[in-house]
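Shown below: structure.txt, with compact mmCIF, C-alpha atoms.
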```
# COMPACT_ATOMS: atom_id res chain seq x y z
CA MET O 883 61.90 -31.53 159.79
CA ILE O 884 61.82 -32.65 156.16
CA ALA O 885 60.72 -36.24 156.89
CA GLU O 886 57.46 -34.90 158.29
CA SER O 887 56.70 -32.64 155.33
CA ALA O 888 55.05 -33.46 152.06
CA ILE O 889 57.00 -33.57 148.82
CA ILE O 890 55.30 -31.57 146.09
CA ILE O 891 55.93 -32.90 142.61
CA LYS O 892 54.69 -31.28 139.43
CA GLY O 893 55.20 -33.55 136.50
CA ARG O 894 53.79 -34.83 133.30
CA ARG O 895 50.13 -35.61 133.43
CA ASN O 896 48.67 -38.88 132.24
CA GLN O 897 45.46 -39.14 130.21
CA LYS O 898 43.33 -38.82 133.35
CA GLY O 899 45.05 -35.55 134.27
CA SER O 900 47.00 -36.75 137.31
CA ALA O 901 50.75 -37.06 137.69
CA SER O 902 52.07 -40.57 138.16
CA PHE O 903 55.53 -41.49 139.39
CA ALA O 904 56.91 -44.84 140.44
CA MET O 905 59.43 -44.04 143.16
CA ASN O 906 60.81 -46.76 145.38
CA LYS O 907 61.93 -46.22 148.98
CA ALA O 908 65.55 -45.52 148.00
CA GLN O 909 64.48 -42.84 145.51
CA GLN O 910 62.15 -41.27 148.08
CA ALA O 911 65.01 -41.29 150.62
CA ALA O 912 67.31 -39.60 148.08
CA LEU O 913 64.68 -36.93 147.40
CA ASN O 914 64.29 -36.25 151.13
CA ALA O 915 68.08 -36.17 151.60
CA ILE O 916 68.51 -33.63 148.79
CA PHE O 917 66.06 -31.22 150.42
CA VAL O 918 67.22 -31.60 154.03
CA ARG O 919 69.11 -28.69 155.66
CA PRO O 920 71.99 -28.56 156.39
CA THR O 921 73.03 -30.03 153.06
CA LYS O 922 74.22 -33.63 153.26
CA ALA O 923 77.48 -34.81 151.70
CA ASP O 924 76.80 -38.55 151.73
CA ILE O 925 74.26 -38.89 148.92
CA ARG O 926 75.40 -41.33 146.26
CA TRP O 927 75.37 -39.94 142.71
CA SER O 928 73.74 -43.12 141.44
CA ALA O 929 70.78 -42.44 143.78
CA ILE O 930 70.39 -38.94 142.33
CA GLU O 931 70.43 -40.29 138.76
CA SER O 932 67.87 -42.95 139.72
CA LEU O 933 65.64 -40.29 141.30
CA ILE O 934 65.71 -38.07 138.21
CA ARG O 935 64.76 -41.04 136.02
CA ALA O 936 61.95 -42.04 138.41
CA LEU O 937 60.53 -38.52 138.18
CA GLY O 938 60.33 -38.91 134.40
CA GLY O 939 63.61 -37.21 133.54
CA GLU O 940 66.56 -38.20 131.40
CA VAL O 941 70.22 -38.47 132.39
CA THR O 942 72.87 -38.56 129.67
CA GLU O 943 76.63 -38.72 129.94
CA ARG O 944 78.74 -35.94 128.49
CA ALA O 945 82.48 -35.47 128.12
CA VAL O 946 84.92 -35.07 131.02
CA SER O 947 82.82 -36.55 133.85
CA ARG O 948 79.81 -34.38 133.05
CA VAL O 949 76.20 -35.52 133.17
CA ALA O 950 73.24 -33.71 131.61
CA ALA O 951 69.89 -34.03 133.37
CA ARG O 952 66.57 -33.03 131.81
CA LEU O 953 63.31 -32.95 133.71
CA ASN O 954 60.08 -31.12 132.77
CA SER O 955 61.83 -29.11 130.03
CA VAL O 956 64.57 -27.97 132.44
CA THR O 957 68.15 -29.01 131.67
CA ALA O 958 71.22 -28.85 133.89
CA VAL O 959 74.77 -30.18 133.58
CA PHE O 960 76.49 -31.63 136.64
CA HIS O 961 79.97 -32.92 137.39
CA CYS O 962 79.81 -36.62 138.19
CA PRO O 963 81.82 -37.33 141.36
CA HIS O 964 84.87 -39.55 141.16
CA PRO O 965 86.68 -41.55 142.45
CA ARG O 966 84.26 -41.62 145.41
CA PRO O 967 80.54 -42.19 144.70
CA GLU O 968 79.30 -39.56 147.19
CA THR O 969 78.13 -36.20 145.88
CA LYS O 970 79.69 -33.05 147.38
CA LYS O 971 77.52 -30.46 149.13
CA GLY O 972 77.81 -27.90 146.34
CA ALA O 973 76.59 -30.43 143.80
CA VAL O 974 73.70 -31.43 146.08
CA ASP O 975 72.73 -27.75 146.29
CA ALA O 976 72.83 -27.55 142.48
CA VAL O 977 70.67 -30.68 142.15
CA ARG O 978 68.20 -29.22 144.67
CA GLN O 979 67.94 -26.02 142.63
CA PHE O 980 67.52 -28.05 139.43
CA LEU O 981 64.66 -30.02 140.98
CA VAL O 982 62.97 -26.85 142.25
CA ASN O 983 63.27 -25.27 138.78
CA ALA O 984 61.75 -28.44 137.32
CA GLY O 985 58.75 -28.23 139.67
CA VAL O 986 59.85 -30.59 142.42
CA GLY O 987 60.01 -29.22 145.95
CA THR O 988 58.95 -29.60 149.54
CA GLY O 989 56.01 -28.20 151.41
CA VAL O 990 58.41 -26.60 153.91
CA LYS O 991 60.07 -23.22 153.36
CA PRO O 992 63.83 -23.19 154.08
```
Represent the structure contained in this file as structure tokens.
Amino acid sequence: MIAESAIIIKGRRNQKGSASFAMNKAQQAALNAIFVRPTKADIRWSAIESLIRALGGEVTERAVSRVAARLNSVTAVFHCPHPRPETKKGAVDAVRQFLVNAGVGTGVKP
């Protein structure tokens, strides 16, 4: 189960050579929810944006309900859900792949 596994995060290093991230409980819960199988469809988009920012990434709005996310030199463009705030399963899968490509993953193989 994902809650019992470690989250592996490769990020920017500070001057001492260690990665530092300030994630609150909600951001940690969003990260766990993104990597859980089967894919969840009740993750709020605002939680995903907050998670990307907490990991040191940037989220910028684009035209026509699009959002660009950049983390560790990896960029992806997502469709922002509307009118409901919950992210669909396909988008959660895309966010998961984006995070893996950016060096964020779990210690458990799917």
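Proximity to range 911-917 of chain O at 8 Å, evaluated using only C-alpha atoms and with sequence-adjacent residues fewer than 4 positions away removed, yields Ile884, Ala885, Lys907, Thr921, Lys922, Ile925, Ala929, Ile930, Leu933, Val974, Asp975, Val977, Arg978, Gly987 and Thr988 of chain O.
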Preceding selection exported with C-alpha atoms as a PDB file, in the coordinates of the input:
```pdb
ATOM      1  CA  ILE O 884      61.820 -32.650 156.160  1.00  0.00           C
ATOM      2  CA  ALA O 885      60.720 -36.240 156.890  1.00  0.00           C
ATOM      3  CA  LYS O 907      61.930 -46.220 148.980  1.00  0.00           C
ATOM      4  CA  THR O 921      73.030 -30.030 153.060  1.00  0.00           C
ATOM      5  CA  LYS O 922      74.220 -33.630 153.260  1.00  0.00           C
ATOM      6  CA  ILE O 925      74.260 -38.890 148.920  1.00  0.00           C
ATOM      7  CA  ALA O 929      70.780 -42.440 143.780  1.00  0.00           C
ATOM      8  CA  ILE O 930      70.390 -38.940 142.330  1.00  0.00           C
ATOM      9  CA  LEU O 933      65.640 -40.290 141.300  1.00  0.00           C
ATOM     10  CA  VAL O 974      73.700 -31.430 146.080  1.00  0.00           C
ATOM     11  CA  ASP O 975      72.730 -27.750 146.290  1.00  0.00           C
ATOM     12  CA  VAL O 977      70.670 -30.680 142.150  1.00  0.00           C
ATOM     13  CA  ARG O 978      68.200 -29.220 144.670  1.00  0.00           C
ATOM     14  CA  GLY O 987      60.010 -29.220 145.950  1.00  0.00           C
ATOM     15  CA  THR O 988      58.950 -29.600 149.540  1.00  0.00           C
TER      16      THR O 988
END
```
(message) Report, in Å with one decimal, the straight-line distance from CA of Gln909 in chain O to CA of Ala936 in chain O.
(response)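 Distance reported for this atom pair: 7.6 Å.
With CA of Val956 in chain O on one side and CA of Asp924 in chain O on the other, the separation reads 25.2 Å.
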(request) Go through O:Gly985, O:Pro920, O:Gly972, O:Pro967 one by one, measure the shortest atom-to-atom distance of each to Ser955 in chain O using all atoms listed in the file, and give the residue with the smallest value. (result) O:Gly985
(request) Mind giving me the straight-line distance from CA of His964 in chain O to CA of Ala984 in chain O in Å, one decimal? (result)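 Between these atoms lies a distance of 25.9 Å.
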(message) Please determine, counting all atoms listed in the file, which residue among O:Leu953, O:Ala923, O:Val982, O:Leu937 has the shortest atom-to-atom distance to Lys970 in chain O.
(response)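 Nearest to Lys970 in chain O: O:Ala923.
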Starting from 4 Å padding per side, set up an axis-aligned box that covers all listed atoms of range 905-917 of chain O and hand over centre and edge lengths in Å, one decimal, as AutoDock Vina command-line options.
```
--center_x 64.0 --center_y -39.0 --center_z 147.4 --size_x 17.1 --size_y 23.5 --size_z 16.4
```
